[in-house]
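Engineer: Please find query05.pdb (PDB, C-alpha atoms) on the next line:
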```pdb
ATOM      1  CA  ALA A   1       2.055  85.261  60.966
ATOM      2  CA  ALA A   2       5.220  86.106  59.022
ATOM      3  CA  GLN A   3       3.605  84.834  55.809
ATOM      4  CA  ALA A   4       0.164  86.332  56.438
ATOM      5  CA  HIS A   5       0.557  88.820  53.571
ATOM      6  CA  LEU A   6       1.314  86.077  51.001
ATOM      7  CA  GLN A   7      -1.507  84.422  49.078
ATOM      8  CA  LYS A   8      -1.750  80.777  50.071
ATOM      9  CA  ASN A   9      -3.226  77.907  48.099
ATOM     10  CA  ILE A  10      -2.780  74.793  50.214
ATOM     11  CA  VAL A  11      -4.072  71.310  49.504
ATOM     12  CA  HIS A  12      -4.083  68.854  52.428
ATOM     13  CA  LEU A  13      -4.252  65.127  51.661
ATOM     14  CA  ASP A  14      -4.923  62.510  54.342
ATOM     15  CA  LEU A  15      -3.906  59.236  52.702
ATOM     16  CA  PRO A  16      -4.022  55.636  53.908
ATOM     17  CA  LEU A  17      -1.345  54.181  56.204
ATOM     18  CA  ASP A  18      -0.800  57.409  58.216
ATOM     19  CA  THR A  19       0.473  59.337  55.191
ATOM     20  CA  TYR A  20      -0.196  63.065  54.948
ATOM     21  CA  VAL A  21       0.679  65.421  52.094
ATOM     22  CA  ASP A  22       0.495  69.218  52.117
ATOM     23  CA  VAL A  23       0.953  70.974  48.770
ATOM     24  CA  MET A  24       1.572  74.707  49.174
ATOM     25  CA  ARG A  25       1.206  76.638  45.916
ATOM     26  CA  TRP A  26       2.856  80.039  45.831
ATOM     27  CA  ALA A  27       3.078  82.614  43.034
ATOM     28  CA  ASN A  28       5.964  80.955  41.186
ATOM     29  CA  HIS A  29       6.798  77.718  43.017
ATOM     30  CA  ILE A  30       5.342  74.951  45.151
ATOM     31  CA  ASN A  31       6.430  73.330  48.387
ATOM     32  CA  VAL A  32       5.388  69.817  49.306
ATOM     33  CA  ARG A  33       5.550  68.302  52.780
ATOM     34  CA  ILE A  34       5.066  64.546  53.075
ATOM     35  CA  THR A  35       4.652  63.080  56.546
ATOM     36  CA  MET A  36       4.494  59.354  57.087
ATOM     37  CA  THR A  37       5.466  56.649  59.536
ATOM     38  CA  PRO A  38       7.995  53.889  58.801
ATOM     39  CA  ARG A  39       6.512  50.738  57.276
ATOM     40  CA  VAL A  40       6.998  47.339  58.864
ATOM     41  CA  GLY A  41       9.387  45.440  56.603
ATOM     42  CA  GLY A  42      10.981  48.634  55.260
ATOM     43  CA  GLN A  43      10.354  51.107  52.513
ATOM     44  CA  ASP A  44      12.250  53.224  50.054
ATOM     45  CA  GLY A  45      11.858  56.573  48.366
ATOM     46  CA  ASP A  46      13.599  59.702  47.163
ATOM     47  CA  CYS A  47      13.546  61.131  50.683
ATOM     48  CA  GLY A  48      15.047  58.080  52.333
ATOM     49  CA  ASN A  49      14.072  54.870  54.015
ATOM     50  CA  PHE A  50      14.065  55.780  57.725
ATOM     51  CA  ASP A  51      17.389  54.094  58.510
ATOM     52  CA  HIS A  52      19.216  57.429  59.070
ATOM     53  CA  ASN A  53      21.867  56.501  56.496
ATOM     54  CA  PRO A  54      21.871  59.047  53.644
ATOM     55  CA  SER A  55      24.397  57.022  51.632
ATOM     56  CA  ASN A  56      21.769  54.412  50.715
ATOM     57  CA  ASP A  57      18.942  56.809  49.830
ATOM     58  CA  GLN A  58      17.850  56.613  46.212
ATOM     59  CA  THR A  59      17.449  59.441  43.774
ATOM     60  CA  GLY A  60      15.513  59.149  40.557
ATOM     61  CA  MET A  61      12.849  56.593  39.782
ATOM     62  CA  VAL A  62      12.303  54.148  42.643
ATOM     63  CA  VAL A  63       9.290  52.266  41.266
ATOM     64  CA  SER A  64       9.037  50.302  38.071
ATOM     65  CA  GLY A  65       6.685  51.428  35.333
ATOM     66  CA  ASN A  66       3.903  48.978  36.258
ATOM     67  CA  GLU A  67       3.941  50.184  39.904
ATOM     68  CA  CYS A  68       3.779  53.861  38.974
ATOM     69  CA  LEU A  69       0.603  55.673  40.024
ATOM     70  CA  PHE A  70       0.622  57.766  36.848
ATOM     71  CA  HIS A  71      -0.021  56.367  33.393
ATOM     72  CA  HIS A  72       2.363  58.704  31.601
ATOM     73  CA  MET A  73       5.748  59.752  32.898
ATOM     74  CA  THR A  74       6.537  63.408  32.331
ATOM     75  CA  PRO A  75      10.213  63.880  31.544
ATOM     76  CA  VAL A  76      11.911  66.048  34.122
ATOM     77  CA  ARG A  77      14.833  68.131  33.031
ATOM     78  CA  PRO A  78      17.092  69.436  35.739
ATOM     79  CA  SER A  79      17.206  73.188  35.905
ATOM     80  CA  PRO A  80      20.549  74.911  36.157
ATOM     81  CA  GLU A  81      21.757  75.350  39.696
ATOM     82  CA  HIS A  82      22.000  78.925  40.818
ATOM     83  CA  ASP A  83      24.254  80.418  43.447
ATOM     84  CA  ILE A  84      24.474  83.781  45.105
ATOM     85  CA  GLU A  85      27.698  84.577  43.241
ATOM     86  CA  GLU A  86      25.649  84.537  40.022
ATOM     87  CA  CYS A  87      23.237  87.104  41.501
ATOM     88  CA  LYS A  88      26.136  89.253  42.739
ATOM     89  CA  ASN A  89      27.894  89.219  39.345
ATOM     90  CA  ASN A  90      24.853  89.501  37.051
ATOM     91  CA  ASP A  91      22.550  91.835  38.971
ATOM     92  CA  ALA A  92      24.335  93.882  41.619
ATOM     93  CA  THR A  93      21.201  95.946  42.309
ATOM     94  CA  LYS A  94      19.166  92.836  43.127
ATOM     95  CA  TYR A  95      22.049  91.407  45.178
ATOM     96  CA  HIS A  96      22.333  94.518  47.346
ATOM     97  CA  MET A  97      18.555  94.670  47.709
ATOM     98  CA  ALA A  98      18.659  91.044  48.931
ATOM     99  CA  LEU A  99      21.316  91.935  51.507
ATOM    100  CA  ARG A 100      19.200  94.858  52.776
ATOM    101  CA  THR A 101      15.956  92.867  52.781
ATOM    102  CA  CYS A 102      17.550  90.011  54.728
ATOM    103  CA  GLY A 103      19.577  92.200  57.082
ATOM    104  CA  ALA A 104      22.656  90.374  55.788
ATOM    105  CA  THR A 105      26.255  91.112  54.877
ATOM    106  CA  ASP A 106      28.621  89.904  52.171
ATOM    107  CA  ALA A 107      29.966  87.437  54.735
ATOM    108  CA  ASP A 108      26.478  85.878  55.048
ATOM    109  CA  ALA A 109      26.283  85.564  51.246
ATOM    110  CA  ASP A 110      29.649  83.796  51.130
ATOM    111  CA  ASN A 111      28.760  81.288  53.871
ATOM    112  CA  LYS A 112      26.236  78.583  52.929
ATOM    113  CA  ASN A 113      25.950  77.742  56.638
ATOM    114  CA  SER A 114      24.869  81.288  57.495
ATOM    115  CA  ALA A 115      21.309  81.565  58.786
ATOM    116  CA  LYS A 116      20.747  84.380  56.260
ATOM    117  CA  TYR A 117      22.129  82.578  53.189
ATOM    118  CA  GLY A 118      18.756  81.037  52.284
ATOM    119  CA  CYS A 119      17.023  84.404  52.569
ATOM    120  CA  ILE A 120      19.576  86.053  50.258
ATOM    121  CA  PHE A 121      19.220  83.206  47.738
ATOM    122  CA  ASP A 122      15.420  83.335  47.782
ATOM    123  CA  VAL A 123      15.298  87.112  47.329
ATOM    124  CA  CYS A 124      17.834  86.978  44.480
ATOM    125  CA  PHE A 125      16.093  84.225  42.529
ATOM    126  CA  ALA A 126      12.423  84.321  43.603
ATOM    127  CA  GLY A 127      11.789  87.839  44.887
ATOM    128  CA  PRO A 128      11.628  89.835  48.094
ATOM    129  CA  GLN A 129       8.226  88.445  49.054
ATOM    130  CA  TYR A 130       9.972  85.185  50.037
ATOM    131  CA  ALA A 131      12.165  86.834  52.677
ATOM    132  CA  ALA A 132       9.228  86.509  55.094
ATOM    133  CA  GLN A 133       9.246  82.723  54.670
ATOM    134  CA  ASN A 134      12.862  82.599  55.790
ATOM    135  CA  ALA A 135      12.158  84.848  58.768
ATOM    136  CA  ALA A 136       9.444  82.442  59.937
ATOM    137  CA  MET A 137      11.833  79.475  60.015
TER     138      MET A 137
END
```
I need this file expressed as structure tokens, please.
Structural biologist:
Amino acid sequence: AAQAHLQKNIVHLDLPLDTYVDVMRWANHINVRITMTPRVGGQDGDCGNFDHNPSNDQTGMVVSGNECLFHHMTPVRPSPEHDIEECKNNDATKYHMALRTCGATDADADNKNSAKYGCIFDVCFAGPQYAAQNAAM
């Protein structure tokens, strides 16, 4: 309901072995939700291996080239990390609009554990239309 005004383009994939993928395409980003059950004998992946120990979760390539589902690897370049301080310093108008849109204060912007921090970040770097997504969470 909170996102009813946003255009949605969602692809649902029901894959073998109780694996489900939802790809949600928005105006300028995508979200992907992968749901699966643990495999007998173990498994590994960027999101973990179901042992509840984040210290042994891999990042980067976890399959060798001959196991890859895609024939050509597309190089991925990390984008610069943004923070709310950057929005505050470089675009005060947008920063204050984010605070108003999210019903937040400077204290919320300074506290990454604040429930409103994500809303402020999204409005600063993606636009006010994404404030509704945060409200729905």
Engineer: Starting from the PyMOL selection byres ((chain A and resi 104) around 12), expand the selection into actual residues of this file and give them as number ranges by chain.
Structural biologist: A: 95-103, 105-111, 114-121, 123, 131
Engineer: Excluding Arg39 in chain A and residues on its chain fewer than 3 positions from it, collect all residues at most 10 Å away from it, counting all atoms listed in the file, and give them as an MDAnalysis selection string.
Structural biologist: chainID A and resid 17:18 36 42:44 49:50
Engineer: Find the residue from A:Ile84, A:Ile10, A:Ala92, A:Cys124 that sits nearest to Lys112 in chain A; use only C-alpha atoms when measuring.
Structural biologist: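 Of A:Ile84, A:Ile10, A:Ala92, A:Cys124, the one nearest Lys112 in chain A, counting only C-alpha atoms, is A:Ile84.
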Engineer: Specify as a list of chain:residue names each residue included when the PyMOL selection byres ((chain A and resi 34) around 9) is applied to this file.
Structural biologist: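 Taken over the shown coordinates, the PyMOL selection byres ((chain A and resi 34) around 9) returns A:Thr19, A:Tyr20, A:Val21, A:Asp22, A:Val23, A:Val32, A:Arg33, A:Thr35, A:Met36.
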Engineer: A:Pro80, A:Pro16, A:Pro38, A:Gly127: which is nearest Asp51 in chain A, counting all atoms listed in the file?
Structural biologist: A:Pro38
Engineer: Between CA of His12 in chain A and CA of Trp26 in chain A, what is the spacing in Å?
Structural biologist: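 CA of His12 in chain A lies 14.7 Å from CA of Trp26 in chain A.
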Engineer: Expressed in Å to a single decimal, how great is the separation between CA of Asn89 in chain A and CA of Ala126 in chain A?
Structural biologist: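 CA of Ala126 in chain A lies 16.8 Å from CA of Asn89 in chain A.
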Engineer: When distances are computed from only C-alpha atoms, which of A:Lys88, A:Asn9, A:Val40, A:Pro54 shows the smallest separation from Met24 in chain A?
Structural biologist: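 Closest to Met24 in chain A, using only C-alpha atoms: A:Asn9.
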Engineer: So the first atom is CA of Tyr130 in chain A and the second is CA of Arg77 in chain A; what is the distance between them in Å, to one decimal place?
Structural biologist: 24.6 Å
